[in-house]
$ cat protein_8.txt   # compact mmCIF, C-alpha atoms
# COMPACT_ATOMS: atom_id res chain seq x y z
CA MET A 346 84.37 -121.96 -117.28
CA GLN A 347 81.94 -119.41 -115.88
CA ILE A 348 80.20 -117.37 -118.57
CA THR A 349 80.09 -113.79 -117.33
CA ALA A 350 77.72 -110.99 -118.31
CA ALA A 351 80.70 -109.11 -119.77
CA MET A 352 81.49 -112.04 -122.09
CA VAL A 353 77.88 -112.23 -123.26
CA LYS A 354 77.87 -108.47 -123.82
CA GLU A 355 81.04 -108.63 -125.92
CA LEU A 356 79.69 -111.46 -128.05
CA ARG A 357 76.42 -109.59 -128.58
CA GLU A 358 78.30 -106.48 -129.71
CA ARG A 359 80.47 -108.48 -132.10
CA THR A 360 77.70 -110.58 -133.65
CA GLY A 361 74.50 -108.59 -133.14
CA SER A 362 72.76 -111.73 -131.87
CA GLY A 363 70.40 -112.10 -128.92
CA MET A 364 71.55 -112.44 -125.32
CA MET A 365 70.40 -116.03 -124.80
CA GLU A 366 71.82 -117.12 -128.14
CA CYS A 367 75.18 -115.61 -127.19
CA LYS A 368 75.18 -117.19 -123.74
CA LYS A 369 74.37 -120.61 -125.21
CA ALA A 370 77.10 -120.26 -127.86
CA LEU A 371 79.70 -119.45 -125.17
CA GLN A 372 78.58 -122.31 -122.96
CA GLU A 373 78.96 -124.79 -125.82
CA VAL A 374 82.63 -123.87 -126.32
CA ASP A 375 83.53 -123.30 -122.66
CA GLY A 376 83.88 -119.54 -123.07
CA ASP A 377 86.12 -119.52 -126.18
CA MET A 378 85.06 -116.22 -127.74
CA GLU A 379 86.55 -116.71 -131.22
CA THR A 380 85.20 -120.26 -131.57
CA ALA A 381 81.77 -119.06 -130.44
CA ILE A 382 81.83 -116.35 -133.12
CA GLU A 383 82.90 -118.86 -135.79
CA ASN A 384 80.16 -121.30 -134.79
CA MET A 385 77.55 -118.56 -134.79
CA ARG A 386 78.61 -117.45 -138.25
CA LYS A 387 78.31 -121.03 -139.49
CA SER A 388 74.90 -121.30 -137.86
CA GLY A 389 73.88 -118.01 -139.42
CA LEU A 390 74.92 -119.24 -142.85
CA ALA A 391 72.87 -122.39 -142.38
CA LYS A 392 69.85 -120.30 -141.35
CA ALA A 393 70.34 -118.05 -144.37
CA ASP A 394 70.48 -121.05 -146.69
CA LYS A 395 67.19 -122.34 -145.26
CA LYS A 396 65.53 -118.96 -145.76
CA ALA A 397 66.93 -118.34 -149.26
CA GLY A 398 64.00 -120.11 -150.91
CA ARG A 399 61.37 -117.93 -149.26
CA THR A 400 59.81 -115.17 -151.33
CA ALA A 401 61.26 -111.72 -150.64
CA ALA A 402 58.99 -109.27 -152.45
CA GLU A 403 59.07 -106.38 -149.97
CA GLY A 404 62.04 -104.10 -149.46
CA LEU A 405 63.14 -100.70 -150.63
CA VAL A 406 64.85 -98.74 -153.38
CA SER A 407 67.82 -96.49 -152.60
CA ILE A 408 69.57 -93.96 -154.84
CA ALA A 409 73.04 -92.43 -154.45
CA LEU A 410 74.35 -89.40 -156.38
CA SER A 411 77.83 -87.91 -156.59
CA ASP A 412 78.26 -84.32 -155.37
CA ASP A 413 78.55 -83.01 -158.95
CA LYS A 414 75.49 -85.06 -160.06
CA LYS A 415 77.57 -86.71 -162.81
CA GLU A 416 77.47 -90.22 -161.31
CA ALA A 417 74.48 -92.13 -160.00
CA ALA A 418 73.47 -95.50 -158.60
CA ILE A 419 70.09 -97.09 -157.90
CA VAL A 420 69.56 -100.39 -156.04
CA GLU A 421 66.71 -102.62 -154.91
CA VAL A 422 67.12 -104.80 -151.82
CA ASN A 423 64.34 -107.21 -150.86
CA CYS A 424 63.05 -108.72 -147.64
CA GLU A 425 59.86 -110.57 -146.70
CA THR A 426 57.85 -107.97 -144.76
CA ASP A 427 57.29 -104.22 -144.80
CA PHE A 428 58.01 -104.22 -141.06
CA VAL A 429 61.66 -105.07 -141.78
CA SER A 430 61.94 -102.79 -144.82
CA GLY A 431 60.76 -99.84 -142.73
CA GLY A 432 63.41 -100.39 -140.06
CA ASP A 433 66.46 -98.15 -139.68
CA GLU A 434 68.89 -101.07 -139.99
CA PHE A 435 67.49 -102.21 -143.34
CA LYS A 436 67.39 -98.62 -144.64
CA ALA A 437 71.04 -98.06 -143.64
CA PHE A 438 72.05 -101.39 -145.23
CA THR A 439 70.39 -100.47 -148.53
CA ALA A 440 71.83 -96.94 -148.53
CA GLY A 441 75.28 -98.38 -147.87
CA ILE A 442 74.90 -100.73 -150.83
CA ALA A 443 73.88 -97.84 -153.11
CA GLN A 444 76.99 -95.93 -152.02
CA CYS A 445 79.16 -99.00 -152.73
CA VAL A 446 77.72 -99.21 -156.25
CA LEU A 447 78.36 -95.50 -156.81
CA VAL A 448 81.99 -95.64 -155.64
CA ASN A 449 83.06 -99.04 -156.98
CA SER A 450 81.02 -99.70 -160.15
CA PRO A 451 80.70 -103.49 -159.61
CA ALA A 452 79.99 -105.66 -162.64
CA ASP A 453 77.14 -107.66 -161.09
CA VAL A 454 75.40 -108.57 -157.82
CA GLU A 455 78.05 -111.18 -157.02
CA ALA A 456 80.84 -108.63 -157.32
CA LEU A 457 78.77 -106.12 -155.36
CA SER A 458 78.25 -108.59 -152.52
CA ALA A 459 82.01 -108.88 -152.03
CA LEU A 460 82.46 -105.14 -151.47
CA THR A 461 83.06 -103.76 -147.99
CA LEU A 462 80.66 -101.47 -146.14
CA GLU A 463 81.73 -98.75 -143.68
CA SER A 464 81.38 -101.31 -140.88
CA GLY A 465 84.38 -103.18 -142.29
CA LYS A 466 82.27 -106.20 -143.20
CA THR A 467 81.33 -107.19 -146.73
CA ILE A 468 77.80 -106.75 -148.00
CA GLU A 469 77.37 -110.53 -148.06
CA GLU A 470 78.63 -110.97 -144.48
CA THR A 471 76.27 -108.24 -143.32
CA ARG A 472 73.35 -109.74 -145.24
CA LEU A 473 73.90 -113.19 -143.71
CA GLU A 474 74.12 -111.74 -140.21
CA MET A 475 70.87 -109.83 -140.75
CA VAL A 476 69.12 -112.96 -142.06
CA ALA A 477 70.24 -114.95 -139.01
CA ARG A 478 69.25 -112.22 -136.56
CA ILE A 479 66.02 -110.91 -138.13
CA GLY A 480 64.76 -114.23 -139.43
CA GLU A 481 63.80 -113.11 -142.93
CA ASN A 482 65.18 -113.81 -146.37
CA ILE A 483 67.08 -110.71 -147.52
CA GLN A 484 68.39 -110.38 -151.06
CA VAL A 485 70.24 -107.75 -153.08
CA ARG A 486 68.12 -107.99 -156.21
CA ARG A 487 69.41 -105.51 -158.79
CA PHE A 488 71.25 -102.26 -159.39
CA GLU A 489 72.32 -99.79 -162.07
CA ARG A 490 75.28 -97.46 -162.10
CA LYS A 491 75.42 -94.57 -164.60
CA SER A 492 77.64 -91.67 -165.68
CA THR A 493 76.72 -88.57 -167.69
CA ASP A 494 78.09 -85.36 -169.16
CA GLY A 495 74.79 -83.76 -168.16
CA ALA A 496 73.27 -84.22 -164.70
CA PHE A 497 71.34 -86.77 -162.67
CA GLY A 498 68.52 -86.19 -160.24
CA SER A 499 66.08 -88.46 -158.47
CA TYR A 500 62.78 -88.88 -156.71
CA ASN A 501 61.75 -91.50 -154.15
CA HIS A 502 58.06 -92.22 -153.72
CA GLY A 503 58.12 -93.56 -150.17
CA ILE A 504 60.61 -96.41 -149.87
CA ARG A 505 59.08 -98.70 -152.49
CA MET A 506 59.77 -96.70 -155.64
CA GLY A 507 62.74 -94.75 -156.91
CA VAL A 508 63.27 -92.89 -160.19
CA LEU A 509 66.60 -91.74 -161.58
CA VAL A 510 66.57 -89.19 -164.43
CA GLU A 511 69.47 -88.12 -166.66
CA LEU A 512 69.11 -84.66 -168.20
CA ASN A 513 71.44 -82.87 -170.60
CA LYS A 514 71.91 -80.08 -168.04
CA ASP A 515 71.75 -79.55 -164.29
CA ASP A 516 68.22 -78.37 -163.60
CA GLN A 517 67.28 -80.20 -160.40
CA GLU A 518 63.78 -78.73 -160.18
CA LEU A 519 62.93 -79.92 -163.69
CA ILE A 520 64.55 -83.29 -163.09
CA LYS A 521 62.49 -83.84 -159.94
CA ASP A 522 59.28 -82.90 -161.77
CA LEU A 523 60.12 -85.37 -164.53
CA ALA A 524 61.03 -88.09 -162.02
CA MET A 525 57.70 -87.60 -160.23
CA HIS A 526 55.92 -87.80 -163.60
CA ILE A 527 57.72 -91.06 -164.43
CA ALA A 528 56.85 -92.49 -161.02
CA ALA A 529 53.17 -91.78 -161.69
CA THR A 530 52.87 -92.81 -165.36
CA ASN A 531 55.55 -95.51 -165.79
CA PRO A 532 56.51 -94.84 -169.44
CA THR A 533 58.31 -97.59 -171.35
CA CYS A 534 61.06 -95.39 -172.77
CA VAL A 535 62.02 -91.77 -173.50
CA ASN A 536 60.90 -91.48 -177.14
CA GLU A 537 59.63 -93.43 -180.15
CA ALA A 538 63.14 -94.26 -181.36
CA GLU A 539 63.71 -96.32 -178.19
CA VAL A 540 60.56 -98.43 -178.50
CA PRO A 541 61.63 -102.06 -179.14
CA GLU A 542 60.67 -103.24 -182.65
CA GLU A 543 59.21 -106.48 -181.31
CA MET A 544 56.94 -104.57 -178.93
CA LEU A 545 55.70 -102.29 -181.70
CA ALA A 546 55.16 -105.19 -184.12
CA LYS A 547 53.17 -107.12 -181.52
CA GLU A 548 50.92 -104.12 -180.84
CA LYS A 549 50.40 -103.56 -184.56
CA ASP A 550 49.36 -107.21 -185.06
CA ILE A 551 46.78 -106.84 -182.29
CA LEU A 552 45.41 -103.62 -183.78
CA VAL A 553 45.21 -105.11 -187.29
CA ALA A 554 43.29 -108.13 -185.97
CA GLN A 555 40.86 -105.85 -184.13
CA ALA A 556 40.38 -103.59 -187.16
CA LYS A 557 39.69 -106.46 -189.58
CA GLU A 558 36.75 -107.54 -187.44
CA SER A 559 35.07 -104.26 -188.42
CA GLY A 560 34.81 -105.46 -192.04
CA LYS A 561 36.19 -102.19 -193.41
CA PRO A 562 38.34 -102.06 -196.59
CA ASP A 563 42.12 -102.50 -196.26
CA ASP A 564 42.90 -98.85 -197.11
CA ILE A 565 40.60 -97.66 -194.31
CA ILE A 566 42.09 -100.23 -191.93
CA GLU A 567 45.60 -98.93 -192.74
CA LYS A 568 44.57 -95.40 -191.80
CA MET A 569 42.92 -96.64 -188.62
CA ILE A 570 46.07 -98.54 -187.65
CA GLY A 571 48.26 -95.50 -188.30
CA GLY A 572 46.21 -93.35 -185.93
CA ARG A 573 46.05 -95.99 -183.23
CA ILE A 574 49.80 -96.62 -183.39
CA ARG A 575 50.48 -92.91 -182.96
CA LYS A 576 48.18 -92.89 -179.92
CA TYR A 577 49.89 -96.00 -178.51
CA LEU A 578 53.36 -94.45 -178.91
CA ALA A 579 52.22 -91.26 -177.20
CA GLU A 580 50.96 -93.32 -174.26
CA ILE A 581 54.12 -95.39 -173.70
CA THR A 582 56.83 -92.80 -174.40
CA LEU A 583 57.82 -90.16 -171.85
CA VAL A 584 57.92 -87.27 -174.31
CA GLY A 585 54.52 -88.18 -175.78
CA GLN A 586 52.64 -88.18 -172.48
CA PRO A 587 50.69 -85.22 -171.08
CA PHE A 588 52.76 -83.73 -168.25
CA VAL A 589 51.12 -84.68 -164.93
CA LYS A 590 51.48 -81.19 -163.42
CA ASP A 591 50.08 -79.53 -166.57
CA PRO A 592 48.11 -81.98 -168.75
CA ASP A 593 47.56 -79.27 -171.38
CA GLN A 594 51.14 -79.73 -172.57
CA THR A 595 53.14 -82.87 -173.34
CA VAL A 596 56.47 -83.63 -171.69
CA GLU A 597 58.08 -82.96 -175.07
CA LYS A 598 56.71 -79.40 -175.11
CA LEU A 599 57.80 -78.89 -171.51
CA LEU A 600 61.34 -79.97 -172.37
CA LYS A 601 61.47 -77.68 -175.42
CA SER A 602 60.37 -74.71 -173.30
CA LYS A 603 63.27 -75.44 -170.93
CA ASP A 604 65.76 -76.19 -173.73
CA ALA A 605 66.29 -79.57 -172.10
CA GLU A 606 66.55 -83.20 -173.17
CA VAL A 607 65.99 -86.39 -171.18
CA LYS A 608 68.88 -88.70 -172.03
CA SER A 609 67.64 -91.66 -169.95
CA PHE A 610 65.63 -92.71 -166.92
CA THR A 611 65.47 -95.70 -164.58
CA ARG A 612 62.35 -96.56 -162.57
CA TYR A 613 62.55 -99.22 -159.86
CA GLU A 614 59.47 -100.40 -158.00
CA VAL A 615 59.95 -102.87 -155.18
CA GLY A 616 58.90 -106.40 -156.01
CA GLU A 617 57.89 -105.78 -159.64
CA GLY A 618 58.12 -109.05 -161.52
CA ILE A 619 58.36 -111.14 -158.33
CA GLU A 620 55.52 -113.60 -157.94
CA LYS A 621 54.26 -113.44 -154.37
CA LYS A 622 53.12 -116.61 -152.72
CA VAL A 623 49.49 -116.19 -151.63
CA GLU A 624 48.77 -118.11 -148.46
CA ASN A 625 45.32 -119.44 -147.62
CA PHE A 626 45.04 -118.77 -143.89
CA ALA A 627 42.67 -121.67 -143.22
CA ASP A 628 44.91 -124.11 -145.11
CA GLU A 629 47.93 -122.79 -143.24
CA VAL A 630 46.28 -123.38 -139.86
CA MET A 631 45.19 -126.90 -140.86
CA ALA A 632 48.72 -127.68 -142.03
CA GLN A 633 50.09 -126.62 -138.65
CA ILE A 634 47.48 -128.73 -136.82
CA SER A 635 48.34 -131.75 -138.96
CA ALA A 636 52.04 -131.26 -138.32
CA THR A 637 51.46 -131.37 -134.56

$ encode --input "protein_8.txt" --output "structure tokens"
Amino acid sequence: MQITAAMVKELRERTGSGMMECKKALQEVDGDMETAIENMRKSGLAKADKKAGRTAAEGLVSIALSDDKKEAAIVEVNCETDFVSGGDEFKAFTAGIAQCVLVNSPADVEALSALTLESGKTIEETRLEMVARIGENIQVRRFERKSTDGAFGSYNHGIRMGVLVELNKDDQELIKDLAMHIAATNPTCVNEAEVPEEMLAKEKDILVAQAKESGKPDDIIEKMIGGRIRKYLAEITLVGQPFVKDPDQTVEKLLKSKDAEVKSFTRYEVGEGIEKKVENFADEVMAQISAT
């Protein structure tokens, strides 16, 4: 059967694949459009499986808010290069996922992947097609979905960092200022009450060991530890930090002046916690030479 330009065009539109790949797929099945699509999907899945082990530490963070600011979602989607993460297709894919989280409240990434985007395809189907077409490992890494009786607001620092802040009232200007502060300072939690006991105990052990090396009496050491712990808590808690736009006042004082309270915050930075594989260029070239 003759493979026409119109057939290749239709297959390209339905799969998003390249012209030559579409022509070859149609030739292999004698022009059977549906079989060609099925074979290309199988091929795409195989390609995705091969790429799944490659490190995806680039990507972007996307945030979705309901109109009344009572519901919010934040997601991180990873790829291998900043070239892909900066593309319109990847941005639209990530924004669509954030909207799916907001509307559907999935339990986990697996449940999220089964949800349908506006295109009519599931997130997983779309991801596999993008992997096959773009040639990079793409992964939906994590998300959070929250509700409040106050208000949410957000701040994105470029595409690599997003901060979601929950305030007890709808003051978007204040929320944005706080979100920008959190992006810059990366506090561990809102206040001292939220500091994990294990974290505090570990820090105290370190401070005690350091203080004992001074040879001072135990009562003096205890006072030294108390002061250093207070300083440590001020550094890691949001309310204890000097406000970045006005370092003369703490965030706690700022909130009191606005009669406001931060109920929670979420800060996502692309690739945090992912160990990137560092390639030695010379070794890589030699490996390629050896392989040939």

$ closest_atom_pairs --input "protein_8.txt" --of "segment 374-485 of chain A" --to "segment 505-514 of chain A" --cutoff "7 Å" --atoms "only C-alpha atoms" --output "CSV"
residue,atom,partner,partner_atom,distance
A:Gly404,CA,A:Arg505,CA,6.9
A:Leu405,CA,A:Arg505,CA,4.9
A:Val406,CA,A:Gly507,CA,5.7
A:Ser407,CA,A:Gly507,CA,6.9

$ closest_residue --input "protein_8.txt" --among "A:Met569, A:Leu460, A:Val535, A:Ala452" --to "Thr582 of chain A" --atoms "only C-alpha atoms"
A:Val535

$ closest_residue --input "protein_8.txt" --among "A:Ala579, A:Ile419, A:Gln594, A:Val448" --to "Arg612 of chain A" --atoms "all atoms listed in the file"
A:Ile419

$ closest_residue --input "protein_8.txt" --among "A:Val374, A:Val476, A:Ile382, A:Leu552" --to "Val429 of chain A" --atoms "all atoms listed in the file"
A:Val476

$ residues_around --input "protein_8.txt" --residues "Ala417 of chain A" --least-positions-apart "6" --cutoff "7 Å" --atoms "only C-alpha atoms" --output "list in words"
Ala409, Leu410, Ser411, Leu447, Arg490, Lys491, Ser492 and Phe497 of chain A

$ atom_distance --input "protein_8.txt" --atom1 "atom CA of Phe588 of chain A" --atom2 "atom CA of Gly495 of chain A"
22.0 Å

$ atom_distance --input "protein_8.txt" --atom1 "atom CA of Ile483 of chain A" --atom2 "atom CA of Ala402 of chain A"
9.6 Å

$ residues_around --input "protein_8.txt" --residues "Cys534 of chain A" --least-positions-apart "6" --cutoff "12 Å" --atoms "all atoms listed in the file" --output "list of chain:residue names"
A:Val510, A:Ile527, A:Val540, A:Pro541, A:Met544, A:Leu578, A:Ala579, A:Glu580, A:Ile581, A:Thr582, A:Leu583, A:Val584, A:Gly585, A:Gln586, A:Val607, A:Lys608, A:Ser609, A:Phe610, A:Thr611, A:Arg612

$ closest_residue --input "protein_8.txt" --among "A:Asp591, A:Thr380, A:Thr493, A:Ile479" --to "Glu434 of chain A" --atoms "all atoms listed in the file"
A:Ile479

$ residues_around --input "protein_8.txt" --residues "Pro587 of chain A" --least-positions-apart "5" --cutoff "12 Å" --atoms "all atoms listed in the file" --output "list in words"
Leu523, His526, Ile527, Ala529, Thr530, Pro532, Lys576, Ala579, Glu580, Ile581, Thr582, Pro592, Asp593, Gln594, Thr595, Val596, Glu597, Lys598, Leu599 and Leu600 of chain A

$ atom_distance --input "protein_8.txt" --atom1 "atom CA of Lys547 of chain A" --atom2 "atom CA of Glu617 of chain A"
22.4 Å

$ residues_around --input "protein_8.txt" --residues "Phe438 of chain A" --least-positions-apart "5" --cutoff "9 Å" --atoms "only C-alpha atoms" --output "list in words"
Val422, Asp433, Ala443, Leu462, Ile468, Thr471 and Arg472 of chain A

$ closest_residue --input "protein_8.txt" --among "A:Ala556, A:Ile574, A:Met346, A:Ala437" --to "Glu537 of chain A" --atoms "only C-alpha atoms"
A:Ile574

$ residues_near_point --input "protein_8.txt" --point "(76.9, -114.0, -119.7)" --cutoff "10 Å" --atoms "all atoms listed in the file" --output "JSON, numbers by chain"
{"A": [347, 348, 349, 350, 351, 352, 353, 354, 355, 356, 357, 364, 365, 367, 368, 369, 371, 372, 376]}

$ closest_residue --input "protein_8.txt" --among "A:Glu403, A:Glu558, A:Glu548, A:Asp515" --to "Asp494 of chain A" --atoms "all atoms listed in the file"
A:Asp515
